[in-house]
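Participant: Starting off with a structure, shown below.
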Amino acid sequence: MDVIYSINGPVVKVRDTTTFSMLEMVYVGKKRLISEVIGVDSDFTTIQVYEGTTGLMPGEPVVGSGAAMSAVLGPGIISGIFDGIERPLKRLEEITGAFIGDGADVSSLDEQKKYDCRITVSVGDTLSPGQIYCTCPETPAIEHRCMLSPLSEGGEVVWTADGGSYTINDTVVKIKTPSGREEELTLCQRWPIRTPRPSAQRLPISRPLITGQRIVDSVLPVAKGGAAAIPGGFGTGKTMTQHQLAKWCDADIIVYIGCGERGNEMTQVLEEFSELTDPRTGRPLTDRTVLIANTSNMPVAAREASIYTGITLAEYYRDMGYHIAIMADSTSRWAEALREISGRLEEMPAEEGFPAYLPSRISEFYERAGYVRTLGGSEGSVTIIGAVSPQGSDFSEPVTQNTKRFVRCFWALDKSLAYARHYPAINWITSYSEYTEDLEDYYSENVAEDFIAVRQEICNILAQENTLMEIVKLMGTDVLPDDQKLLIETARVIRTGFLQQNAYHKDDTYVPLEKQYLMMQAICRFYELSGKALGAGVSINDILGTGWAEKLIKIKYDIPNDRPEMFGEYKEKMESDFAQLVGRCVK
């Protein structure tokens, strides 16, 4: 029998054994703690324990499972709250109390609950990996589609159950494989969390993830199947921004991973999501949300696994043909877990003590995002939005810099904006999105042909203002000519009227793309009319005296989301006012 030789925090070693294989799930100690093999050599097998090792002693048994660390995939995941290794927290609370005990043996999914199943195949059909053989309503918002695992070789259907209610472990279909073996299919399957689920084809990115947040949708868009990072120091609003995106984005399912964050933040997520009404279904948002909570006081090794558990659940629903958005909060805490475990393994440290393989681990995670054609023939996507928490808001630290290498959308949060109550506190100068060109056709066909041109003008005004502010800081605004004063004033309208949003206002917490475009168009029209007025001899003070700058700032409140026709009335009135202003000046 294999026994523990040494214990160093979550790292356990077994001496002189050839029993275990790399990345095999094993049970350590008398409590049978869930663990994973992370190193094998001729002398020692190194094991990472995903539970607390307090009280563990050398000489206690280590038992292999013969399989990789896997997630159980089936009905019951949606609306669930799991820890980093997919154990249901509510069930753990019933067994061990408010604080999770070690060695709690619980099933990831409810094995007693029955689901109303509809078998979608018949005897004689050929079933291949990824094809759906059974559907059942998982929540009022999500239909669960049971698929043949990619690990199966497929085969001919030889038996099907009658339609009715079944538990996740009941056999509903039997197939005969080409090798002559009979395989029983239940409502669930297992998948190794560190292995990406395969797809038939990766498709070009061409559709935005619409969030209702103007600076995201119009200025710095992220595509469905893309990856975005939200770096920011303490108190800049990373979690708040992710909450808002999770509430309003047009993904079918949200997977929220609380990785090493404070417990009260996860409590806020649970409370808010259960109280918020889903605008698409009219039901609680939890009907299409999965929460993985691995707070800062939980075992550090499970924090490292939580990211992989979350992305595996997302890929599973992607393969059903759903669009998934993952909120990972925060990948810095995950990287800190890697650093701690690496230190206990006595590996050679790289920059700031992080392991040398930090970039490859980060890329492994973000590369699992994508827009794909599934093995079953439908389309699905996984979009990853990861928060990064650089110490002291230092964006040059390794996690932020390596994340930047593997994402194409970077929403840098600014402390000064956050403290000025500018929400979202995304700095439009230091942030960028490389998805704009990929999404140009979508915007042209679904919003307006000149959407990208109008957006570009808005961005140009902000960029020019940033240059001018260096002069203003030194000499003040009085030395500037009127056209530059106009540009600074227009930029102020963009910043406070367009980029800044009020999450507590019914018409400003979520803004449709059409209204976003009309707001940008109105601001650009104001800048154009004001420039012509200056050319006709009107002073900047007279232009500002029309009050249109303030009207454009308040337009987000004054025009409801369902009344876009009001923008036409505003435009006519603005052009009339400027025509009169120029007319008086000419006389």
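Lettering and numbering for the structure tokens are positional, with chains as A, B, ... in the shown order, residues counted from 1 in each chain, and ligands counted from 1 in the shown order.
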Neighbouring residues of Ala522 of chain A were defined as those with any atom within 12 Å, considering only C-alpha atoms; residues of the same chain fewer than 2 positions away were excluded. Please report them as a PDB file with C-alpha atoms, in the first residue's frame.
Facilitator:
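Result file around34.pdb:
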ATOM      1  CA  VAL A 454     -18.984  57.936 -35.867  1.00  0.00           C
ATOM      2  CA  ARG A 455     -17.209  55.874 -33.193  1.00  0.00           C
ATOM      3  CA  GLU A 457     -14.687  60.508 -34.564  1.00  0.00           C
ATOM      4  CA  ILE A 458     -15.596  60.167 -30.878  1.00  0.00           C
ATOM      5  CA  THR A 490     -17.021  68.366 -26.680  1.00  0.00           C
ATOM      6  CA  VAL A 493     -19.687  66.029 -23.138  1.00  0.00           C
ATOM      7  CA  ILE A 494     -18.417  62.642 -24.354  1.00  0.00           C
ATOM      8  CA  GLY A 497     -22.615  62.288 -21.083  1.00  0.00           C
ATOM      9  CA  PHE A 498     -21.597  59.172 -23.009  1.00  0.00           C
ATOM     10  CA  LYS A 515     -29.465  54.509 -28.647  1.00  0.00           C
ATOM     11  CA  GLN A 516     -25.683  54.383 -28.172  1.00  0.00           C
ATOM     12  CA  TYR A 517     -25.210  55.157 -31.859  1.00  0.00           C
ATOM     13  CA  LEU A 518     -27.761  57.994 -31.824  1.00  0.00           C
ATOM     14  CA  MET A 519     -26.060  59.538 -28.768  1.00  0.00           C
ATOM     15  CA  MET A 520     -22.660  59.474 -30.509  1.00  0.00           C
ATOM     16  CA  CYS A 524     -20.671  64.564 -33.409  1.00  0.00           C
ATOM     17  CA  ARG A 525     -23.391  66.727 -34.978  1.00  0.00           C
ATOM     18  CA  PHE A 526     -23.007  69.241 -32.145  1.00  0.00           C
ATOM     19  CA  TYR A 527     -19.237  69.359 -32.754  1.00  0.00           C
ATOM     20  CA  GLU A 528     -19.783  69.808 -36.498  1.00  0.00           C
ATOM     21  CA  LEU A 529     -22.370  72.591 -36.112  1.00  0.00           C
ATOM     22  CA  TRP A 548     -26.671  72.250 -25.994  1.00  0.00           C
ATOM     23  CA  ALA A 549     -23.573  70.856 -24.293  1.00  0.00           C
ATOM     24  CA  LYS A 551     -28.555  68.992 -22.963  1.00  0.00           C
ATOM     25  CA  LEU A 552     -26.375  66.359 -24.640  1.00  0.00           C
ATOM     26  CA  ILE A 553     -24.966  65.304 -21.261  1.00  0.00           C
ATOM     27  CA  ILE A 555     -29.842  63.171 -23.066  1.00  0.00           C
ATOM     28  CA  LYS A 556     -29.161  59.704 -21.635  1.00  0.00           C
ATOM     29  CA  PRO A 564     -35.273  56.600 -30.228  1.00  0.00           C
ATOM     30  CA  MET A 566     -36.943  61.640 -29.984  1.00  0.00           C
ATOM     31  CA  PHE A 567     -33.362  61.995 -31.223  1.00  0.00           C
ATOM     32  CA  GLY A 568     -34.776  63.315 -34.521  1.00  0.00           C
ATOM     33  CA  GLU A 569     -36.631  66.056 -32.637  1.00  0.00           C
ATOM     34  CA  TYR A 570     -33.462  66.980 -30.701  1.00  0.00           C
ATOM     35  CA  LYS A 571     -31.437  67.097 -33.919  1.00  0.00           C
ATOM     36  CA  GLU A 572     -33.948  69.412 -35.645  1.00  0.00           C
ATOM     37  CA  LYS A 573     -34.049  71.740 -32.625  1.00  0.00           C
ATOM     38  CA  MET A 574     -30.224  71.807 -32.378  1.00  0.00           C
ATOM     39  CA  GLU A 575     -29.808  72.640 -36.077  1.00  0.00           C
TER      40      GLU A 575
END
Participant: Write out as a ChimeraX atom specification the residues lying within 10 Å of Ser35 of chain A, counting only C-alpha atoms and excluding same-chain residues fewer than 4 positions away.
Facilitator: /A:10-12,23-28,47-51,62-64,69,85,301-302
Participant: Considering only C-alpha atoms, return as a ChimeraX atom specification whatever protein or nucleic-acid residues lie within 10 Å of Val255 of chain A, sequence-local ones (same chain, fewer than 5 positions apart) excluded.
Facilitator: /A:78-79,246,288-292,310-311,313-314,324-328,382,384
Participant: Go ahead and write the residues just picked, all heavy atoms, as a short mmCIF file (atom, residue, chain, number, x, y, z; two decimals), in the first residue's frame.
Facilitator:
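Output (out.cif):
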data_model
loop_
_atom_site.label_atom_id
_atom_site.label_comp_id
_atom_site.auth_asym_id
_atom_site.auth_seq_id
_atom_site.Cartn_x
_atom_site.Cartn_y
_atom_site.Cartn_z
N ILE A 78 -26.65 24.38 -13.66
CA ILE A 78 -27.19 25.75 -13.67
C ILE A 78 -27.89 26.02 -12.34
O ILE A 78 -28.60 25.16 -11.81
CB ILE A 78 -28.17 25.94 -14.84
CG1 ILE A 78 -27.48 25.64 -16.17
CG2 ILE A 78 -28.72 27.37 -14.85
CD1 ILE A 78 -26.40 26.60 -16.55
N SER A 79 -27.71 27.23 -11.82
CA SER A 79 -28.22 27.68 -10.51
C SER A 79 -27.42 27.11 -9.36
O SER A 79 -27.68 27.43 -8.20
CB SER A 79 -29.70 27.33 -10.31
OG SER A 79 -30.50 27.92 -11.30
N ALA A 246 -22.19 40.75 -16.21
CA ALA A 246 -22.88 39.47 -16.03
C ALA A 246 -24.39 39.66 -16.04
O ALA A 246 -25.13 38.83 -16.59
CB ALA A 246 -22.44 38.82 -14.72
N ARG A 288 -29.95 31.12 -15.10
CA ARG A 288 -28.96 30.86 -16.16
C ARG A 288 -27.55 31.22 -15.71
O ARG A 288 -26.72 31.67 -16.48
CB ARG A 288 -29.34 31.59 -17.46
CG ARG A 288 -29.48 33.09 -17.36
CD ARG A 288 -29.91 33.68 -18.69
NE ARG A 288 -29.96 35.15 -18.66
CZ ARG A 288 -28.94 35.93 -19.01
NH1 ARG A 288 -27.82 35.39 -19.41
NH2 ARG A 288 -29.05 37.24 -18.97
N THR A 289 -27.29 31.02 -14.41
CA THR A 289 -25.99 31.36 -13.84
C THR A 289 -25.40 30.18 -13.08
O THR A 289 -26.13 29.46 -12.39
CB THR A 289 -26.14 32.57 -12.88
OG1 THR A 289 -26.71 33.66 -13.58
CG2 THR A 289 -24.78 32.99 -12.33
N VAL A 290 -24.10 29.99 -13.21
CA VAL A 290 -23.36 29.03 -12.40
C VAL A 290 -22.33 29.82 -11.59
O VAL A 290 -21.61 30.65 -12.15
CB VAL A 290 -22.61 28.00 -13.28
CG1 VAL A 290 -21.91 26.97 -12.40
CG2 VAL A 290 -23.56 27.32 -14.24
N LEU A 291 -22.26 29.55 -10.30
CA LEU A 291 -21.31 30.25 -9.43
C LEU A 291 -20.28 29.26 -8.89
O LEU A 291 -20.64 28.21 -8.35
CB LEU A 291 -22.04 30.92 -8.27
CG LEU A 291 -22.97 32.09 -8.65
CD1 LEU A 291 -23.78 32.52 -7.46
CD2 LEU A 291 -22.16 33.27 -9.17
N ILE A 292 -19.01 29.59 -9.06
CA ILE A 292 -17.93 28.81 -8.46
C ILE A 292 -17.25 29.71 -7.45
O ILE A 292 -16.63 30.72 -7.82
CB ILE A 292 -16.94 28.31 -9.52
CG1 ILE A 292 -17.65 27.34 -10.47
CG2 ILE A 292 -15.74 27.64 -8.87
CD1 ILE A 292 -16.81 26.83 -11.58
N GLY A 310 -14.32 25.96 -13.96
CA GLY A 310 -15.26 26.90 -14.57
C GLY A 310 -15.25 26.85 -16.08
O GLY A 310 -16.31 26.83 -16.72
N ILE A 311 -14.06 26.78 -16.68
CA ILE A 311 -13.98 26.78 -18.15
C ILE A 311 -14.50 25.47 -18.71
O ILE A 311 -15.10 25.43 -19.80
CB ILE A 311 -12.54 27.07 -18.63
CG1 ILE A 311 -12.48 27.37 -20.14
CG2 ILE A 311 -11.61 25.93 -18.30
CD1 ILE A 311 -12.98 28.72 -20.51
N LEU A 313 -17.02 23.65 -17.40
CA LEU A 313 -18.48 23.77 -17.37
C LEU A 313 -18.96 24.64 -18.53
O LEU A 313 -19.97 24.34 -19.19
CB LEU A 313 -18.95 24.37 -16.04
CG LEU A 313 -18.62 23.61 -14.75
CD1 LEU A 313 -19.24 24.31 -13.54
CD2 LEU A 313 -19.09 22.17 -14.82
N ALA A 314 -18.23 25.73 -18.81
CA ALA A 314 -18.61 26.62 -19.91
C ALA A 314 -18.53 25.91 -21.25
O ALA A 314 -19.43 26.03 -22.09
CB ALA A 314 -17.71 27.86 -19.90
N ILE A 324 -21.71 31.40 -23.89
CA ILE A 324 -21.36 31.48 -22.48
C ILE A 324 -20.42 32.66 -22.25
O ILE A 324 -19.52 32.92 -23.05
CB ILE A 324 -20.64 30.20 -22.00
CG1 ILE A 324 -21.24 28.95 -22.64
CG2 ILE A 324 -20.62 30.11 -20.48
CD1 ILE A 324 -22.67 28.70 -22.35
N ALA A 325 -20.63 33.35 -21.13
CA ALA A 325 -19.70 34.39 -20.70
C ALA A 325 -19.13 33.99 -19.34
O ALA A 325 -19.89 33.69 -18.41
CB ALA A 325 -20.39 35.75 -20.60
N ILE A 326 -17.81 33.94 -19.25
CA ILE A 326 -17.13 33.61 -17.99
C ILE A 326 -16.60 34.88 -17.36
O ILE A 326 -15.92 35.68 -18.00
CB ILE A 326 -15.95 32.65 -18.24
CG1 ILE A 326 -16.45 31.29 -18.68
CG2 ILE A 326 -15.11 32.50 -16.98
CD1 ILE A 326 -15.35 30.27 -18.85
N MET A 327 -16.94 35.08 -16.08
CA MET A 327 -16.38 36.17 -15.30
C MET A 327 -15.40 35.56 -14.30
O MET A 327 -15.82 34.88 -13.36
CB MET A 327 -17.48 36.94 -14.56
CG MET A 327 -18.61 37.42 -15.44
SD MET A 327 -18.07 38.70 -16.60
CE MET A 327 -19.41 38.62 -17.81
N ALA A 328 -14.11 35.76 -14.52
CA ALA A 328 -13.08 35.20 -13.63
C ALA A 328 -12.54 36.32 -12.75
O ALA A 328 -11.91 37.24 -13.23
CB ALA A 328 -11.95 34.57 -14.44
N VAL A 382 -17.60 30.67 -26.10
CA VAL A 382 -17.18 30.95 -24.72
C VAL A 382 -16.40 32.26 -24.76
O VAL A 382 -15.40 32.37 -25.46
CB VAL A 382 -16.30 29.83 -24.14
CG1 VAL A 382 -15.74 30.25 -22.79
CG2 VAL A 382 -17.08 28.53 -24.00
N ILE A 384 -14.38 34.97 -22.39
CA ILE A 384 -13.74 35.06 -21.08
C ILE A 384 -13.45 36.52 -20.74
O ILE A 384 -12.83 37.23 -21.53
CB ILE A 384 -12.43 34.26 -21.05
CG1 ILE A 384 -12.70 32.78 -21.32
CG2 ILE A 384 -11.73 34.43 -19.70
CD1 ILE A 384 -11.44 31.92 -21.36
#
Participant: Lys30 of chain A: which residues within 12 Å, counting only C-alpha atoms, same-chain residues fewer than 6 positions away excluded, as a list in words?
Facilitator: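 Counting only the stated atoms, we get Val3, Ile4, Thr53, Gly55, Leu56, Met57, Pro58, Gly59, Glu60, Pro61, Val62, Val63, Asp102, Gly103 and Ala104 of chain A.
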Participant: Please, which residues of segment 144-271 of chain A, numbered as in this document, come out strand (DSSP E or B) from DSSP, as number ranges by chain?
Facilitator: A: 144-147, 155-160, 164-166, 173-176, 182-185, 189-192, 201-202, 208, 223, 227-231, 253-259
Participant: Just how far from atom CA of Glu275 of chain A is atom CA of His144 of chain A, in Å to one decimal?
Facilitator: 23.6 Å
Participant: Taking the DSSP secondary structure from the backbone, can you list the residues of segment 137-275 of chain A that are alpha helix (DSSP H), as a PyMOL selection string?
Facilitator: chain A and resi 214+238-248+263-275
Participant: From the options A:Leu513, A:Val472, A:Cys585, A:Ala228, which residue's atoms come nearest to Gly537 of chain A, counting only C-alpha atoms?
Facilitator: A:Cys585
Participant: Could you list, as a list in words, every residue within 9 Å of Arg145 of chain A, counting only C-alpha atoms and ignoring same-chain residues fewer than 2 positions away?
Facilitator: Gly74, Pro75, Ile132, Tyr133, Cys134, Thr135, Cys136, Pro137, Glu143, Met147, Leu187, Tyr317 and Met320 of chain A
Participant: Which is closest to Pro560 of chain A among A:Ser274, A:Thr509, A:Thr546, A:Thr467, if we use only C-alpha atoms?
Facilitator: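 Selected residue with least distance to Pro560 of chain A: A:Thr509.
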Participant: Counting only C-alpha atoms, which of A:Pro424, A:Gly164, A:Pro140, A:Pro204 gets nearest to Ile119 of chain A?
Facilitator: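 Looking only at the distances to Ile119 of chain A, the closest residue turns out to be A:Gly164.
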